[in-house]
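Chemist: Before I ask anything, here is the structure I am working with.
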Amino acid sequence: MAAKLERLTIDLDTGGTFTDGYVSGAAQPIRAKVDTTPHDLTEGILRCIDDAAAELGLDRAALLRAAGVVRLSTTVGTNTLINRSGAKVGLLLDAALHAAVASRLPERLPISSALIEALPAPAADGAPAATVAALRRLLERGARIVVVALDGGADLAARERRVRSFIGAEYPRHYLGAVPVLPSHEVTLTPDPFVRVCTAVLDAYLHPVMSRFLYRVEDELRKSGYTRPLLVAQSNGGTSRVAKTTAIRTWGSGPAGGVAGAAALADHLGLESVVSVDVGGTSSDVAVLRGGRWSYDVQPTIDAVPASLPVLELESIGIGGGSIAAVVSGELRVGPKSAGAQPGPAAFGLGGQEATLTDAACVLGLFDPAHFLGGRKTLDREAARRAVEERVARPLGTGAEDAARRILAQAARVVAHEISRALGERGMSPAATWLFATGGAGGLLAAPMAAEASLAGAVAFPLSPVFSAFGLSRLDVLHTYEATPENADLGALIERARRDMRGEGVDVATVTLRLEADVSGDGRIDALDLGDASDAEAALGRARAHGGRLRLLRLKAIAPGRRSALPSRSGGTSRPPSSRAVAWGVSTKATPLYDWNELPAQTVIEGPAIVESRDTTVPIPPGVQARVGVGGELVMTEGNRRS
């Protein structure tokens, strides 16, 4: 069997609540979803692989032997920042940079002022001894990784390496007292020293945790028979093996996978204008795609700290399945507070008392309480009703069903407002834009979000509950290299890129080289694609034509990733197998209930109806029509918007 599956792709996304898997290469893609195991994330990853293997009648070892690639995205970086559980970082600054930035570092930057030391210039008399003395003070105060950041200039890299050499001479790597030293230029060459210091500190803070986690996952995969490098997703929409991954580039890698998946499906469906909304348990990520392409933010804010880091551009909103609904000064508010996984919505029966989106949907009958999340949870509908009545219905002077409808409508309204703002900023027409509703709770709000934002319609996908994992299967291997405009040796960077790609096991003949630049203008910094970089001189000429606007050059080496096949739909029956009582309006109606996995392409469903699969539910409200596409997707439109 393994011989027939030798081109399997395995893509894994570890989220805060669930670990998702998407395995392609068999007759039909396999979707797996297990509880994330916070005490040891590796355990949840292996369980996810085991579940996928069982679907194929294999064990873990057989599945991994049949895999051509394993890709992983993770929220470890995000969770480390939220929980403040990273390494204790020490910072060595030269006198000029210490005076310029030490007193104004952001409050949320994870470093204590007691762990910042000033240094003399590397060439000054006594510099080696002063450097070692400063380092000792940091170690005595608890530093476990040290960032070296010096004032900018063409020789920045050489000066920072020299400081590291002073430390290495006193603390060789084989000494137990040796401390990891990270020169800031190895993280970013941004010309803004403040942002460079912040970015390097964030990277150092995440590095030990991320390194231990990723190497542990790779070791466990090897023990189980996997022989290729584990590829790690990055925030810029690419992947690289563990040894070539920097900690900070994993930040936001899960949502980046979701954006890549949306771009692939937009292209597949021939849709030019798409807004993708990934609705999870605590938040929703909104990304706008034009012509099937995403956009970058090259200087994002990470936990209130500026960073030089190309990330796929998206906005996060505090609306998710666990978002708490409350009445404040007579007005209904939903989010951003969340019930989280513990205690979770009242319907989970774990002690939650607040009313959430999940509780509202449960009250209305949109969920099957006995088979929520494929039977992994049983919902307590009476507990959900009590929470909605006490927290929302009574303060508003209405009934539980009406309050539940208002909760879902308000949640859709909050997300729709962000969609409208994002489209307006880009000059895009809502009427020509389609909504991709993804994530475990995306289908729940799909139709009302599209209606509230006046979009062309909404599309929900059978693979939505594991959408970020699916998106990883569309990513290329990507290495990036920075250079300053005044000191760029593009030829040397190209040779380094080709050498690194050979180390990935990539045929360099398949590698595409592109040059990108960070340019300033109108008070912001944008990424500018300067095209093919294989001719170094020509590429540099195009870059330098931008003159003073040019801040940073970035060489991108791209090797085609092993793509999974896009899902297709055949067979099945459109006859509804059962019905469920759902409170759509003032009355409760017996509503047709469709098994999504059994619906053949071109099936047309008139609302009201419920379409559900093992891991997700999509309500089709009255007045909305849903058509099943060739990939099993549900294309939902209101009566006045159908072509």
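Here, A, B, ... name the chains of the structure tokens in the order displayed, residue numbers run from 1 inside each chain, and ligands are numbered from 1 in the same displayed order.
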Name all residues at most 8 Å from stretch 21-24 of chain A (count only C-alpha atoms; drop same-chain ones fewer than 6 positions away) and give them as a PDB file with N, CA, C and O atoms, in the first residue's frame.
Modeler:
```
ATOM      1  N   LEU A   8       2.455  10.988  -0.959  1.00  0.00           N
ATOM      2  CA  LEU A   8       1.601  11.608   0.047  1.00  0.00           C
ATOM      3  C   LEU A   8       2.213  12.902   0.560  1.00  0.00           C
ATOM      4  O   LEU A   8       3.423  13.006   0.744  1.00  0.00           O
ATOM      5  N   THR A   9       1.379  13.877   0.806  1.00  0.00           N
ATOM      6  CA  THR A   9       1.803  15.088   1.511  1.00  0.00           C
ATOM      7  C   THR A   9       1.076  15.121   2.853  1.00  0.00           C
ATOM      8  O   THR A   9      -0.118  14.841   2.930  1.00  0.00           O
ATOM      9  N   ILE A  10       1.813  15.442   3.910  1.00  0.00           N
ATOM     10  CA  ILE A  10       1.245  15.537   5.255  1.00  0.00           C
ATOM     11  C   ILE A  10       1.472  16.960   5.750  1.00  0.00           C
ATOM     12  O   ILE A  10       2.606  17.419   5.839  1.00  0.00           O
ATOM     13  N   ASP A  11       0.381  17.646   6.052  1.00  0.00           N
ATOM     14  CA  ASP A  11       0.464  19.034   6.501  1.00  0.00           C
ATOM     15  C   ASP A  11      -0.253  19.168   7.831  1.00  0.00           C
ATOM     16  O   ASP A  11      -1.401  18.735   7.979  1.00  0.00           O
ATOM     17  N   LEU A  12       0.430  19.780   8.802  1.00  0.00           N
ATOM     18  CA  LEU A  12      -0.027  19.812  10.184  1.00  0.00           C
ATOM     19  C   LEU A  12      -0.007  21.239  10.721  1.00  0.00           C
ATOM     20  O   LEU A  12       0.974  21.962  10.536  1.00  0.00           O
ATOM     21  N   ASP A  13      -1.083  21.618  11.391  1.00  0.00           N
ATOM     22  CA  ASP A  13      -1.177  22.958  11.984  1.00  0.00           C
ATOM     23  C   ASP A  13      -1.540  22.811  13.450  1.00  0.00           C
ATOM     24  O   ASP A  13      -2.609  22.292  13.785  1.00  0.00           O
ATOM     25  N   ILE A  30      -7.436  13.265   3.337  1.00  0.00           N
ATOM     26  CA  ILE A  30      -7.799  12.877   4.702  1.00  0.00           C
ATOM     27  C   ILE A  30      -7.699  14.108   5.599  1.00  0.00           C
ATOM     28  O   ILE A  30      -6.687  14.811   5.592  1.00  0.00           O
ATOM     29  N   ARG A  31      -8.766  14.376   6.364  1.00  0.00           N
ATOM     30  CA  ARG A  31      -8.768  15.467   7.332  1.00  0.00           C
ATOM     31  C   ARG A  31      -8.738  14.866   8.735  1.00  0.00           C
ATOM     32  O   ARG A  31      -9.503  13.954   9.042  1.00  0.00           O
ATOM     33  N   ALA A  32      -7.849  15.377   9.553  1.00  0.00           N
ATOM     34  CA  ALA A  32      -7.737  14.891  10.931  1.00  0.00           C
ATOM     35  C   ALA A  32      -7.728  16.081  11.871  1.00  0.00           C
ATOM     36  O   ALA A  32      -7.130  17.115  11.573  1.00  0.00           O
ATOM     37  N   LYS A  33      -8.380  15.931  12.999  1.00  0.00           N
ATOM     38  CA  LYS A  33      -8.445  17.005  14.000  1.00  0.00           C
ATOM     39  C   LYS A  33      -8.437  16.365  15.377  1.00  0.00           C
ATOM     40  O   LYS A  33      -9.292  15.526  15.675  1.00  0.00           O
ATOM     41  N   CYS A  48      -2.452  13.233  15.753  1.00  0.00           N
ATOM     42  CA  CYS A  48      -3.069  13.666  14.499  1.00  0.00           C
ATOM     43  C   CYS A  48      -2.598  12.783  13.344  1.00  0.00           C
ATOM     44  O   CYS A  48      -3.400  12.359  12.498  1.00  0.00           O
ATOM     45  N   ILE A  49      -1.301  12.492  13.306  1.00  0.00           N
ATOM     46  CA  ILE A  49      -0.764  11.603  12.274  1.00  0.00           C
ATOM     47  C   ILE A  49      -1.370  10.209  12.414  1.00  0.00           C
ATOM     48  O   ILE A  49      -1.742   9.569  11.423  1.00  0.00           O
ATOM     49  N   ALA A  52      -4.915  10.177  11.008  1.00  0.00           N
ATOM     50  CA  ALA A  52      -4.903  10.189   9.545  1.00  0.00           C
ATOM     51  C   ALA A  52      -4.486   8.819   9.007  1.00  0.00           C
ATOM     52  O   ALA A  52      -5.057   8.318   8.019  1.00  0.00           O
ATOM     53  N   VAL A 466      -9.930  22.340   8.778  1.00  0.00           N
ATOM     54  CA  VAL A 466      -8.472  22.141   8.779  1.00  0.00           C
ATOM     55  C   VAL A 466      -7.844  23.023   7.701  1.00  0.00           C
ATOM     56  O   VAL A 466      -6.860  22.665   7.075  1.00  0.00           O
ATOM     57  N   ALA A 469      -4.087  23.900   7.718  1.00  0.00           N
ATOM     58  CA  ALA A 469      -3.290  22.729   7.362  1.00  0.00           C
ATOM     59  C   ALA A 469      -3.341  22.496   5.850  1.00  0.00           C
ATOM     60  O   ALA A 469      -2.318  22.216   5.216  1.00  0.00           O
ATOM     61  N   PHE A 470      -4.521  22.621   5.258  1.00  0.00           N
ATOM     62  CA  PHE A 470      -4.625  22.510   3.802  1.00  0.00           C
ATOM     63  C   PHE A 470      -3.764  23.558   3.116  1.00  0.00           C
ATOM     64  O   PHE A 470      -3.055  23.275   2.139  1.00  0.00           O
ATOM     65  N   SER A 564      -0.244  19.366  -2.830  1.00  0.00           N
ATOM     66  CA  SER A 564      -1.299  18.367  -2.748  1.00  0.00           C
ATOM     67  C   SER A 564      -2.276  18.611  -3.893  1.00  0.00           C
ATOM     68  O   SER A 564      -2.352  19.708  -4.450  1.00  0.00           O
ATOM     69  N   ALA A 565      -3.007  17.590  -4.233  1.00  0.00           N
ATOM     70  CA  ALA A 565      -4.054  17.755  -5.240  1.00  0.00           C
ATOM     71  C   ALA A 565      -5.221  18.503  -4.619  1.00  0.00           C
ATOM     72  O   ALA A 565      -5.534  18.321  -3.437  1.00  0.00           O
TER      73      ALA A 565
END
```
Chemist: A:Pro567: which residues within 8 Å, counting only C-alpha atoms, same-chain residues fewer than 3 positions away excluded, as a VMD selection string?
Modeler: chain A and resid 28 to 29 631 to 632
Chemist: So, counting only C-alpha atoms, which residue among A:Gly254, A:Pro191, A:Gly261, A:Gly270 is closest to A:Val519?
Modeler: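 Among the listed residues, the smallest separation from A:Val519 belongs to A:Pro191.
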Chemist: Residues of stretch 341-580 of chain A classed as strand (DSSP E) by DSSP on the backbone are to be reported as a PDB file with N, CA and C atoms, in the first residue's frame.
Modeler:
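Listed below is the output, selection_27.pdb:
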```
ATOM      1  N   ALA A 355     -22.528  33.454  28.110  1.00  0.00           N
ATOM      2  CA  ALA A 355     -23.157  33.109  26.830  1.00  0.00           C
ATOM      3  C   ALA A 355     -22.179  33.385  25.698  1.00  0.00           C
ATOM      4  N   THR A 356     -22.014  32.427  24.811  1.00  0.00           N
ATOM      5  CA  THR A 356     -21.083  32.564  23.693  1.00  0.00           C
ATOM      6  C   THR A 356     -21.797  32.298  22.369  1.00  0.00           C
ATOM      7  N   TRP A 434     -16.052  38.034  -3.163  1.00  0.00           N
ATOM      8  CA  TRP A 434     -16.607  36.835  -2.543  1.00  0.00           C
ATOM      9  C   TRP A 434     -15.968  36.600  -1.181  1.00  0.00           C
ATOM     10  N   LEU A 435     -16.770  36.086  -0.260  1.00  0.00           N
ATOM     11  CA  LEU A 435     -16.290  35.722   1.063  1.00  0.00           C
ATOM     12  C   LEU A 435     -15.922  34.244   1.085  1.00  0.00           C
ATOM     13  N   PHE A 436     -14.705  33.933   1.532  1.00  0.00           N
ATOM     14  CA  PHE A 436     -14.323  32.564   1.845  1.00  0.00           C
ATOM     15  C   PHE A 436     -14.431  32.428   3.357  1.00  0.00           C
ATOM     16  N   ALA A 437     -15.401  31.648   3.825  1.00  0.00           N
ATOM     17  CA  ALA A 437     -15.620  31.457   5.256  1.00  0.00           C
ATOM     18  C   ALA A 437     -14.949  30.163   5.669  1.00  0.00           C
ATOM     19  N   THR A 438     -13.855  30.267   6.433  1.00  0.00           N
ATOM     20  CA  THR A 438     -13.077  29.098   6.799  1.00  0.00           C
ATOM     21  C   THR A 438     -12.930  29.026   8.318  1.00  0.00           C
ATOM     22  N   GLY A 457     -21.348  36.970  -2.393  1.00  0.00           N
ATOM     23  CA  GLY A 457     -21.819  35.722  -1.804  1.00  0.00           C
ATOM     24  C   GLY A 457     -20.741  35.152  -0.914  1.00  0.00           C
ATOM     25  N   ALA A 458     -21.017  33.981  -0.375  1.00  0.00           N
ATOM     26  CA  ALA A 458     -20.076  33.328   0.530  1.00  0.00           C
ATOM     27  C   ALA A 458     -19.788  31.924   0.026  1.00  0.00           C
ATOM     28  N   VAL A 459     -18.551  31.478   0.256  1.00  0.00           N
ATOM     29  CA  VAL A 459     -18.149  30.121  -0.098  1.00  0.00           C
ATOM     30  C   VAL A 459     -17.584  29.460   1.153  1.00  0.00           C
ATOM     31  N   ALA A 460     -18.102  28.273   1.472  1.00  0.00           N
ATOM     32  CA  ALA A 460     -17.579  27.463   2.571  1.00  0.00           C
ATOM     33  C   ALA A 460     -17.058  26.161   1.977  1.00  0.00           C
ATOM     34  N   ASP A 476       5.571  26.907  -1.093  1.00  0.00           N
ATOM     35  CA  ASP A 476       6.871  26.591  -1.683  1.00  0.00           C
ATOM     36  C   ASP A 476       7.956  26.629  -0.602  1.00  0.00           C
ATOM     37  N   VAL A 477       9.117  26.049  -0.928  1.00  0.00           N
ATOM     38  CA  VAL A 477      10.307  26.239  -0.098  1.00  0.00           C
ATOM     39  C   VAL A 477      10.843  27.639  -0.406  1.00  0.00           C
ATOM     40  N   LEU A 478      11.068  28.421   0.626  1.00  0.00           N
ATOM     41  CA  LEU A 478      11.435  29.829   0.438  1.00  0.00           C
ATOM     42  C   LEU A 478      12.543  30.218   1.406  1.00  0.00           C
ATOM     43  N   HIS A 479      13.645  30.743   0.848  1.00  0.00           N
ATOM     44  CA  HIS A 479      14.714  31.319   1.665  1.00  0.00           C
ATOM     45  C   HIS A 479      14.826  32.800   1.309  1.00  0.00           C
ATOM     46  N   THR A 480      15.048  33.635   2.303  1.00  0.00           N
ATOM     47  CA  THR A 480      15.212  35.062   2.060  1.00  0.00           C
ATOM     48  C   THR A 480      16.537  35.539   2.645  1.00  0.00           C
ATOM     49  N   TYR A 481      17.134  36.543   1.983  1.00  0.00           N
ATOM     50  CA  TYR A 481      18.434  37.089   2.378  1.00  0.00           C
ATOM     51  C   TYR A 481      18.366  38.599   2.243  1.00  0.00           C
ATOM     52  N   GLU A 482      18.785  39.299   3.283  1.00  0.00           N
ATOM     53  CA  GLU A 482      18.703  40.754   3.283  1.00  0.00           C
ATOM     54  C   GLU A 482      20.045  41.392   2.956  1.00  0.00           C
ATOM     55  N   ALA A 483      19.971  42.583   2.387  1.00  0.00           N
ATOM     56  CA  ALA A 483      21.170  43.388   2.115  1.00  0.00           C
ATOM     57  C   ALA A 483      20.775  44.853   2.185  1.00  0.00           C
ATOM     58  N   THR A 512      13.706  29.637  -8.424  1.00  0.00           N
ATOM     59  CA  THR A 512      13.444  30.974  -8.962  1.00  0.00           C
ATOM     60  C   THR A 512      14.022  32.012  -8.007  1.00  0.00           C
ATOM     61  N   LEU A 513      14.717  32.992  -8.556  1.00  0.00           N
ATOM     62  CA  LEU A 513      15.305  34.063  -7.747  1.00  0.00           C
ATOM     63  C   LEU A 513      14.580  35.370  -8.044  1.00  0.00           C
ATOM     64  N   ARG A 514      14.110  36.020  -6.999  1.00  0.00           N
ATOM     65  CA  ARG A 514      13.425  37.297  -7.167  1.00  0.00           C
ATOM     66  C   ARG A 514      13.994  38.304  -6.173  1.00  0.00           C
ATOM     67  N   LEU A 515      13.979  39.566  -6.584  1.00  0.00           N
ATOM     68  CA  LEU A 515      14.451  40.639  -5.716  1.00  0.00           C
ATOM     69  C   LEU A 515      13.269  41.458  -5.251  1.00  0.00           C
ATOM     70  N   GLU A 516      13.255  41.732  -3.967  1.00  0.00           N
ATOM     71  CA  GLU A 516      12.196  42.521  -3.353  1.00  0.00           C
ATOM     72  C   GLU A 516      12.861  43.659  -2.586  1.00  0.00           C
ATOM     73  N   ALA A 517      12.163  44.763  -2.469  1.00  0.00           N
ATOM     74  CA  ALA A 517      12.712  45.904  -1.731  1.00  0.00           C
ATOM     75  C   ALA A 517      11.669  46.458  -0.783  1.00  0.00           C
ATOM     76  N   ASP A 518      12.136  46.921   0.372  1.00  0.00           N
ATOM     77  CA  ASP A 518      11.292  47.710   1.267  1.00  0.00           C
ATOM     78  C   ASP A 518      11.481  49.169   0.885  1.00  0.00           C
ATOM     79  N   VAL A 519      10.376  49.813   0.517  1.00  0.00           N
ATOM     80  CA  VAL A 519      10.452  51.223   0.112  1.00  0.00           C
ATOM     81  C   VAL A 519       9.535  52.046   1.005  1.00  0.00           C
ATOM     82  N   SER A 520       9.959  53.284   1.270  1.00  0.00           N
ATOM     83  CA  SER A 520       9.176  54.175   2.119  1.00  0.00           C
ATOM     84  C   SER A 520       8.413  55.169   1.274  1.00  0.00           C
ATOM     85  N   GLY A 521       7.267  55.594   1.788  1.00  0.00           N
ATOM     86  CA  GLY A 521       6.453  56.590   1.096  1.00  0.00           C
ATOM     87  C   GLY A 521       5.105  56.728   1.757  1.00  0.00           C
ATOM     88  N   ARG A 524       4.516  55.157   5.278  1.00  0.00           N
ATOM     89  CA  ARG A 524       4.515  53.726   5.534  1.00  0.00           C
ATOM     90  C   ARG A 524       5.625  53.048   4.744  1.00  0.00           C
ATOM     91  N   ILE A 525       5.865  51.791   5.058  1.00  0.00           N
ATOM     92  CA  ILE A 525       6.889  51.010   4.373  1.00  0.00           C
ATOM     93  C   ILE A 525       6.196  49.850   3.661  1.00  0.00           C
ATOM     94  N   ASP A 526       6.479  49.694   2.380  1.00  0.00           N
ATOM     95  CA  ASP A 526       5.841  48.650   1.579  1.00  0.00           C
ATOM     96  C   ASP A 526       6.892  47.766   0.931  1.00  0.00           C
ATOM     97  N   ALA A 527       6.476  46.539   0.610  1.00  0.00           N
ATOM     98  CA  ALA A 527       7.329  45.619  -0.135  1.00  0.00           C
ATOM     99  C   ALA A 527       7.077  45.815  -1.624  1.00  0.00           C
ATOM    100  N   LEU A 528       8.152  45.950  -2.392  1.00  0.00           N
ATOM    101  CA  LEU A 528       8.056  46.165  -3.836  1.00  0.00           C
ATOM    102  C   LEU A 528       8.762  45.021  -4.551  1.00  0.00           C
ATOM    103  N   ASP A 529       8.032  44.309  -5.403  1.00  0.00           N
ATOM    104  CA  ASP A 529       8.616  43.209  -6.170  1.00  0.00           C
ATOM    105  C   ASP A 529       9.394  43.796  -7.344  1.00  0.00           C
ATOM    106  N   LEU A 530      10.703  43.543  -7.385  1.00  0.00           N
ATOM    107  CA  LEU A 530      11.563  44.078  -8.447  1.00  0.00           C
ATOM    108  C   LEU A 530      11.885  43.036  -9.520  1.00  0.00           C
ATOM    109  N   GLY A 531      11.221  41.891  -9.456  1.00  0.00           N
ATOM    110  CA  GLY A 531      11.315  40.920 -10.540  1.00  0.00           C
ATOM    111  C   GLY A 531      12.489  39.964 -10.427  1.00  0.00           C
ATOM    112  N   ASP A 532      12.799  39.349 -11.559  1.00  0.00           N
ATOM    113  CA  ASP A 532      13.831  38.310 -11.634  1.00  0.00           C
ATOM    114  C   ASP A 532      15.183  38.848 -11.163  1.00  0.00           C
ATOM    115  N   LEU A 550      14.466  53.711  -1.137  1.00  0.00           N
ATOM    116  CA  LEU A 550      14.907  52.332  -0.920  1.00  0.00           C
ATOM    117  C   LEU A 550      15.499  52.168   0.480  1.00  0.00           C
ATOM    118  N   ARG A 551      14.964  51.236   1.248  1.00  0.00           N
ATOM    119  CA  ARG A 551      15.423  51.023   2.617  1.00  0.00           C
ATOM    120  C   ARG A 551      16.178  49.709   2.784  1.00  0.00           C
ATOM    121  N   LEU A 552      15.715  48.663   2.134  1.00  0.00           N
ATOM    122  CA  LEU A 552      16.259  47.328   2.358  1.00  0.00           C
ATOM    123  C   LEU A 552      16.004  46.471   1.128  1.00  0.00           C
ATOM    124  N   LEU A 553      16.979  45.630   0.778  1.00  0.00           N
ATOM    125  CA  LEU A 553      16.814  44.681  -0.320  1.00  0.00           C
ATOM    126  C   LEU A 553      16.641  43.276   0.251  1.00  0.00           C
ATOM    127  N   ARG A 554      15.841  42.480  -0.442  1.00  0.00           N
ATOM    128  CA  ARG A 554      15.583  41.126   0.027  1.00  0.00           C
ATOM    129  C   ARG A 554      15.592  40.175  -1.173  1.00  0.00           C
ATOM    130  N   LEU A 555      16.566  39.275  -1.196  1.00  0.00           N
ATOM    131  CA  LEU A 555      16.611  38.241  -2.226  1.00  0.00           C
ATOM    132  C   LEU A 555      15.745  37.072  -1.773  1.00  0.00           C
ATOM    133  N   LYS A 556      14.875  36.621  -2.667  1.00  0.00           N
ATOM    134  CA  LYS A 556      14.006  35.484  -2.362  1.00  0.00           C
ATOM    135  C   LYS A 556      14.360  34.333  -3.300  1.00  0.00           C
ATOM    136  N   ALA A 557      14.725  33.196  -2.708  1.00  0.00           N
ATOM    137  CA  ALA A 557      14.988  31.979  -3.476  1.00  0.00           C
ATOM    138  C   ALA A 557      13.809  31.039  -3.253  1.00  0.00           C
ATOM    139  N   ILE A 558      13.142  30.652  -4.354  1.00  0.00           N
ATOM    140  CA  ILE A 558      11.887  29.911  -4.252  1.00  0.00           C
ATOM    141  C   ILE A 558      12.014  28.605  -5.025  1.00  0.00           C
ATOM    142  N   ALA A 559      11.760  27.495  -4.349  1.00  0.00           N
ATOM    143  CA  ALA A 559      11.737  26.181  -4.992  1.00  0.00           C
ATOM    144  C   ALA A 559      10.319  25.637  -4.892  1.00  0.00           C
ATOM    145  N   SER A 578     -32.308  13.441   6.894  1.00  0.00           N
ATOM    146  CA  SER A 578     -33.043  13.674   8.133  1.00  0.00           C
ATOM    147  C   SER A 578     -33.383  15.150   8.242  1.00  0.00           C
ATOM    148  N   SER A 579     -33.960  15.533   9.378  1.00  0.00           N
ATOM    149  CA  SER A 579     -34.263  16.944   9.613  1.00  0.00           C
ATOM    150  C   SER A 579     -34.049  17.250  11.085  1.00  0.00           C
ATOM    151  N   ARG A 580     -33.970  18.553  11.383  1.00  0.00           N
ATOM    152  CA  ARG A 580     -33.780  18.984  12.766  1.00  0.00           C
ATOM    153  C   ARG A 580     -34.587  20.261  12.979  1.00  0.00           C
TER     154      ARG A 580
END
```
Chemist: For the atom pair atom CA of A:Val415 and atom CA of A:Leu269, what is the interatomic distance in Å to one decimal place?
Modeler: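 Interatomic distance here is 23.8 Å.
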Chemist: How many Å separate atom CA of A:Val298 from atom CA of A:Ala497?
Modeler: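 A separation of 20.9 Å between them.
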Chemist: Have a look at A:Leu593, A:Leu81, A:Val34, A:Ala325 and name the one nearest to A:Ile248; count only C-alpha atoms.
Modeler: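 Among the listed residues, the smallest separation from A:Ile248 belongs to A:Leu81.
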Chemist: Can you list, as number ranges by chain, every protein, DNA or RNA residue that comes within 8 Å of A:Arg290 when you count only C-alpha atoms, leaving out same-chain residues fewer than 2 positions away?
Modeler: A: 272-274, 288, 292-294
Chemist: Export C-alpha atoms of the chosen residues as an mmCIF file, in the first residue's frame?
Modeler:
```
data_model
loop_
_atom_site.group_PDB
_atom_site.id
_atom_site.type_symbol
_atom_site.label_atom_id
_atom_site.label_comp_id
_atom_site.auth_asym_id
_atom_site.auth_seq_id
_atom_site.Cartn_x
_atom_site.Cartn_y
_atom_site.Cartn_z
ATOM 1 C CA GLU A 272 -10.474 37.832 -8.787
ATOM 2 C CA SER A 273 -11.642 39.480 -5.575
ATOM 3 C CA VAL A 274 -11.850 37.477 -2.352
ATOM 4 C CA VAL A 288 -7.979 40.361 1.309
ATOM 5 C CA GLY A 292 -5.600 35.471 -6.223
ATOM 6 C CA ARG A 293 -2.581 37.154 -4.573
ATOM 7 C CA TRP A 294 -1.937 38.201 -1.011
#
```
Chemist: Would you mind listing what lies within 7 Å of stretch 230-237 of chain A as a list in words, with only C-alpha atoms counted and same-chain residues fewer than 6 positions away left out?
Modeler: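 In the requested form, the answer reads Val70, Arg71, Leu72, Ser73, Glu218, Arg249, Thr250, Trp251, Gly252, Ser253, Ala256, Gly257, Ala260, Pro310, Val311, Leu312 and Leu475 of chain A.
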Chemist: Of the candidates A:Val147, A:Arg563, A:Ala307, A:Pro621, which one gets nearest to A:Ala446 if we count only C-alpha atoms?
Modeler: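 Checking each of A:Val147, A:Arg563, A:Ala307, A:Pro621 against A:Ala446, counting only C-alpha atoms, the winner is A:Pro621.
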Chemist: So, with only C-alpha atoms as the atoms that count, which of A:Asp203, A:Ala262, A:Leu109, A:Leu64 lies closest to A:Thr245?
Modeler: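 Distance minimum relative to A:Thr245 lands on A:Asp203.
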Chemist: Please give the complete set of residues from stretch 91-165 of chain A that DSSP, run on the backbone, assigns to alpha helix (DSSP H), formatted as a PyMOL selection string.
Modeler: chain A and resi 95-101+127-140+156-165
Chemist: From the set A:Val618, A:Leu135, A:Leu206, A:Leu289, which residue has the shortest atom-to-atom contact distance to A:Arg426, counting only C-alpha atoms?
Modeler: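 Comparing A:Val618, A:Leu135, A:Leu206, A:Leu289 against A:Arg426, the winner is A:Leu289.
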Chemist: Give me, please, the distance in Å between atom CA of A:Leu566 and atom CA of A:Gly258, quoted to one decimal.
Modeler: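 Separation of atom CA of A:Leu566 and atom CA of A:Gly258: 14.5 Å.
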Chemist: Could you name the residues that touch A:Val388 at 8 Å or less, counting only C-alpha atoms, but leaving out those on the same chain fewer than 6 positions away, as an NGL selection string?
Modeler: :A and (354-356 or 359-360 or 400 or 403-404)
Chemist: Tell me which protein, DNA and RNA residues are within 10 Å of A:Arg137, counting only C-alpha atoms, leaving out same-chain ones fewer than 5 positions away, and put them as a JSON list (two decimals) with N, CA and C atoms, in the first residue's frame.
Modeler:
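Contents of around.json, as written:
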```json
[["chain", "number", "residue", "atom", "x", "y", "z"],
["A", 90, "GLY", "N", 19.40, 38.74, 27.49],
["A", 90, "GLY", "CA", 20.29, 39.83, 27.82],
["A", 90, "GLY", "C", 20.62, 40.62, 26.56],
["A", 114, "ALA", "N", 17.31, 45.56, 33.70],
["A", 114, "ALA", "CA", 18.50, 45.08, 34.40],
["A", 114, "ALA", "C", 19.36, 44.17, 33.53],
["A", 115, "LEU", "N", 18.80, 43.74, 32.40],
["A", 115, "LEU", "CA", 19.52, 42.84, 31.51],
["A", 115, "LEU", "C", 19.98, 43.55, 30.24],
["A", 116, "ILE", "N", 20.20, 44.86, 30.35],
["A", 116, "ILE", "CA", 20.72, 45.66, 29.24],
["A", 116, "ILE", "C", 22.03, 46.29, 29.69],
["A", 117, "GLU", "N", 23.09, 46.07, 28.93],
["A", 117, "GLU", "CA", 24.42, 46.60, 29.27],
["A", 117, "GLU", "C", 25.00, 47.37, 28.09],
["A", 132, "VAL", "N", 33.42, 41.02, 28.08],
["A", 132, "VAL", "CA", 33.29, 39.83, 28.93],
["A", 132, "VAL", "C", 32.73, 40.22, 30.30],
["A", 142, "GLY", "N", 20.80, 36.33, 35.35],
["A", 142, "GLY", "CA", 19.88, 35.31, 34.84],
["A", 142, "GLY", "C", 19.74, 35.20, 33.35],
["A", 143, "ALA", "N", 20.46, 36.00, 32.55],
["A", 143, "ALA", "CA", 20.34, 35.92, 31.09],
["A", 143, "ALA", "C", 20.75, 34.54, 30.60]]
```
Chemist: For the interface of stretch 419-525 of chain A with stretch 366-380 of chain A (cut-off 10 Å, counting only C-alpha atoms), please tabulate each contacting residue of stretch 419-525 of chain A alongside its nearest pair of atoms and their separation in Å to one decimal, rows sorted by chain and increasing number, as CSV.
Modeler:
```
residue,atom,partner,partner_atom,distance
A:Gly440,CA,A:Leu373,CA,9.0
A:Leu444,CA,A:Leu366,CA,8.5
A:Pro465,CA,A:Leu373,CA,9.7
```
Chemist: Go ahead and write the residues just picked, N, CA and C atoms, as a tab-separated table (two decimals), in the first residue's frame.
Modeler:
```tsv
chain	number	residue	atom	x	y	z
A	440	GLY	N	-13.15	26.47	11.93
A	440	GLY	CA	-14.20	25.63	12.49
A	440	GLY	C	-15.53	26.32	12.62
A	444	LEU	N	-20.60	28.81	10.25
A	444	LEU	CA	-21.71	29.26	11.10
A	444	LEU	C	-22.13	30.68	10.77
A	465	PRO	N	-12.55	23.18	8.42
A	465	PRO	CA	-12.07	22.97	9.78
A	465	PRO	C	-10.57	22.73	9.89
```
